[in-house]
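Encoded as structure tokens, the structure appears first; notes follow it.
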Amino acid sequence: MNDTSNPSDPASPIIVMDQVVKRFGDALVLDHLDFQVAKGEKVTIIGPSGSGKSTVLRILMTLETIDSGLIHVAGKPLWHEYRDGRPVPASEAHLRAMRKEMGMVFQQFNLFPHMTVRRNITESPIHVLGLSKAEAEQRAHEYLELVGMTEHADKFPGQLSGGQQQRVAIARALAMRPNIMLFDEPTSALDPELVGEVLTVIRRLSEEHDLTMLLVTHEMEFARQISDRVCFFDKGVVVEQAPPEEMFAEPREERTREFLKTFI
Ligand code: ADP
Ligand code: MG
């Protein structure tokens, strides 16, 4: 076994990023990042614009590659696999399998505009997981109920408010039954009066499900309420991390204090 973590060990973190480097051209966006998330943990990432927060989520979701370092998700390597005991770059089949561990909710919802709400949710369970149409529709109903959107199942995204679209996007990600949910500023694109309904859904998810959650947000009060741990990112590294009550009351690092000041 070449893996650095043991998948059968429940104490082993579900996400392990080890010395991850990511460059875009000359810009060093992740600078030998070490970062871990335990199974069932709710972790919030905060930090200035451009600090690499979205890049971390996009790399985990396999939407961006890495330049060096190791990443393991659920005990399995993400960006490489082993053939005859040797590490080789991950094949498309390996990446496809790894993607099933994670669901992602984006700032801009990213629903399919030409499909009804119901079809937005059933599409991947049918085509990726091989569920029958009836099974997928049952599942869509279940998750639309969870986000309070059952009566909108036959509408198209364009007929919904931003908050409603984001709740559908959450249902769509959940319908794949991922072990890990990634949220990238899920309320940043919303009018202020629509933020609450989306945060309520995410808060309920965090309380009632043993999902692992990794969430980027600028909603500090919300981060305080739902997080087991808050992580402050700057320039592609974790500057400081602590339980929310510590992080918000007595941040240790000057950079964290400067950042948090802008939210008072
Ligand atoms: P954050 O989410 O913390 O605001 P990002 O992870 O989106 O930051 O971006 C980190 C840095 O990487 C920024 O300087 C951004 O401009 C750059 N970047 C992100 N994606 C790309 C890309 N596809 N091509 C070039 N530069 C990118
Ligand atoms: Mg971002």
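Here's how to read the names in the structure tokens: chain A, B, ... by the order shown, residue numbers from 1 in each chain, ligand numbers from 1 in the order shown.
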Wanna dump the chain A-ligand 1 contacts at 9 Å for me, each residue with its shortest atom pair and the distance in Å to one decimal, counting only C-alpha atoms and all ligand atoms, ordered by chain and number, as JSON lines?
{"residue": "A:Lys22", "atom": "CA", "partner": "ligand 1", "partner_atom_place_in_ligand_line": "12 (O)", "distance": 8.7}
{"residue": "A:Arg23", "atom": "CA", "partner": "ligand 1", "partner_atom_place_in_ligand_line": "12 (O)", "distance": 7.7}
{"residue": "A:Phe24", "atom": "CA", "partner": "ligand 1", "partner_atom_place_in_ligand_line": "25 (C)", "distance": 4.8}
{"residue": "A:Gly25", "atom": "CA", "partner": "ligand 1", "partner_atom_place_in_ligand_line": "25 (C)", "distance": 7.0}
{"residue": "A:Ala27", "atom": "CA", "partner": "ligand 1", "partner_atom_place_in_ligand_line": "14 (O)", "distance": 7.1}
{"residue": "A:Leu28", "atom": "CA", "partner": "ligand 1", "partner_atom_place_in_ligand_line": "12 (O)", "distance": 7.8}
{"residue": "A:Val29", "atom": "CA", "partner": "ligand 1", "partner_atom_place_in_ligand_line": "11 (C)", "distance": 5.2}
{"residue": "A:Leu30", "atom": "CA", "partner": "ligand 1", "partner_atom_place_in_ligand_line": "10 (C)", "distance": 8.0}
{"residue": "A:Ile46", "atom": "CA", "partner": "ligand 1", "partner_atom_place_in_ligand_line": "3 (O)", "distance": 8.2}
{"residue": "A:Gly47", "atom": "CA", "partner": "ligand 1", "partner_atom_place_in_ligand_line": "3 (O)", "distance": 6.5}
{"residue": "A:Pro48", "atom": "CA", "partner": "ligand 1", "partner_atom_place_in_ligand_line": "3 (O)", "distance": 6.1}
{"residue": "A:Ser49", "atom": "CA", "partner": "ligand 1", "partner_atom_place_in_ligand_line": "4 (O)", "distance": 3.6}
{"residue": "A:Gly50", "atom": "CA", "partner": "ligand 1", "partner_atom_place_in_ligand_line": "8 (O)", "distance": 3.4}
{"residue": "A:Ser51", "atom": "CA", "partner": "ligand 1", "partner_atom_place_in_ligand_line": "3 (O)", "distance": 3.8}
{"residue": "A:Gly52", "atom": "CA", "partner": "ligand 1", "partner_atom_place_in_ligand_line": "6 (O)", "distance": 3.2}
{"residue": "A:Lys53", "atom": "CA", "partner": "ligand 1", "partner_atom_place_in_ligand_line": "3 (O)", "distance": 3.8}
{"residue": "A:Ser54", "atom": "CA", "partner": "ligand 1", "partner_atom_place_in_ligand_line": "2 (O)", "distance": 3.7}
{"residue": "A:Thr55", "atom": "CA", "partner": "ligand 1", "partner_atom_place_in_ligand_line": "6 (O)", "distance": 3.7}
{"residue": "A:Val56", "atom": "CA", "partner": "ligand 1", "partner_atom_place_in_ligand_line": "6 (O)", "distance": 6.6}
{"residue": "A:Leu57", "atom": "CA", "partner": "ligand 1", "partner_atom_place_in_ligand_line": "6 (O)", "distance": 8.2}
{"residue": "A:Arg58", "atom": "CA", "partner": "ligand 1", "partner_atom_place_in_ligand_line": "6 (O)", "distance": 8.2}
{"residue": "A:Glu64", "atom": "CA", "partner": "ligand 1", "partner_atom_place_in_ligand_line": "23 (N)", "distance": 8.1}
{"residue": "A:Asp184", "atom": "CA", "partner": "ligand 1", "partner_atom_place_in_ligand_line": "2 (O)", "distance": 7.9}
{"residue": "A:Glu185", "atom": "CA", "partner": "ligand 1", "partner_atom_place_in_ligand_line": "2 (O)", "distance": 8.6}
{"residue": "A:Val216", "atom": "CA", "partner": "ligand 1", "partner_atom_place_in_ligand_line": "2 (O)", "distance": 8.1}
{"residue": "A:Phe233", "atom": "CA", "partner": "ligand 1", "partner_atom_place_in_ligand_line": "3 (O)", "distance": 7.7}
{"residue": "A:Asp234", "atom": "CA", "partner": "ligand 1", "partner_atom_place_in_ligand_line": "3 (O)", "distance": 7.9}
{"residue": "A:Lys235", "atom": "CA", "partner": "ligand 1", "partner_atom_place_in_ligand_line": "10 (C)", "distance": 8.0}
{"residue": "A:Gly236", "atom": "CA", "partner": "ligand 1", "partner_atom_place_in_ligand_line": "10 (C)", "distance": 7.6}
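Closest approach to ligand 2 among A:Ala189, A:Leu78, A:Leu33, A:Ala38 is made by A:Ala189 (distances from only C-alpha atoms and all ligand atoms).
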Looking only at the backbone, which of the residues in range 42-147 of chain A does DSSP tag as strand (DSSP E), as a PDB file with C-alpha atoms, in the first residue's frame?
ATOM      1  CA  LYS A  42     -17.637  21.544   9.054  1.00  0.00           C
ATOM      2  CA  VAL A  43     -14.799  23.835   8.013  1.00  0.00           C
ATOM      3  CA  THR A  44     -15.101  27.420   6.826  1.00  0.00           C
ATOM      4  CA  ILE A  45     -12.408  29.070   4.743  1.00  0.00           C
ATOM      5  CA  ILE A  46     -12.182  32.845   4.997  1.00  0.00           C
ATOM      6  CA  SER A  68       3.001  19.331  -7.222  1.00  0.00           C
ATOM      7  CA  GLY A  69       2.076  17.877  -3.866  1.00  0.00           C
ATOM      8  CA  LEU A  70      -0.258  15.087  -2.816  1.00  0.00           C
ATOM      9  CA  ILE A  71      -3.984  15.061  -2.228  1.00  0.00           C
ATOM     10  CA  HIS A  72      -5.978  12.214  -0.719  1.00  0.00           C
ATOM     11  CA  VAL A  73      -9.747  12.111  -0.472  1.00  0.00           C
ATOM     12  CA  LYS A  76      -7.577   7.482  -2.010  1.00  0.00           C
ATOM     13  CA  PRO A  77      -5.145   9.592  -4.032  1.00  0.00           C
ATOM     14  CA  HIS A  80      -2.527  10.269  -9.079  1.00  0.00           C
ATOM     15  CA  GLU A  81      -3.169   6.558  -8.877  1.00  0.00           C
ATOM     16  CA  TYR A  82      -0.996   3.506  -8.537  1.00  0.00           C
ATOM     17  CA  ARG A  83      -0.231   1.118 -11.378  1.00  0.00           C
ATOM     18  CA  ARG A  86       4.054   3.114  -9.048  1.00  0.00           C
ATOM     19  CA  PRO A  87       2.390   6.520  -8.885  1.00  0.00           C
ATOM     20  CA  VAL A  88       1.097   7.684 -12.271  1.00  0.00           C
ATOM     21  CA  PRO A  89      -1.129  10.649 -13.159  1.00  0.00           C
ATOM     22  CA  MET A 102     -17.849  15.349  -3.619  1.00  0.00           C
ATOM     23  CA  GLY A 103     -20.623  17.750  -4.529  1.00  0.00           C
ATOM     24  CA  MET A 104     -20.027  21.430  -5.173  1.00  0.00           C
ATOM     25  CA  VAL A 105     -22.235  24.494  -4.979  1.00  0.00           C
TER      26      VAL A 105
END
Members of range 2-249 of chain A assigned alpha helix (DSSP H) by DSSP, as a ChimeraX atom specification: /A:53-60,92-99,117-127,133-146,162-174,192-208,220-226,244-249
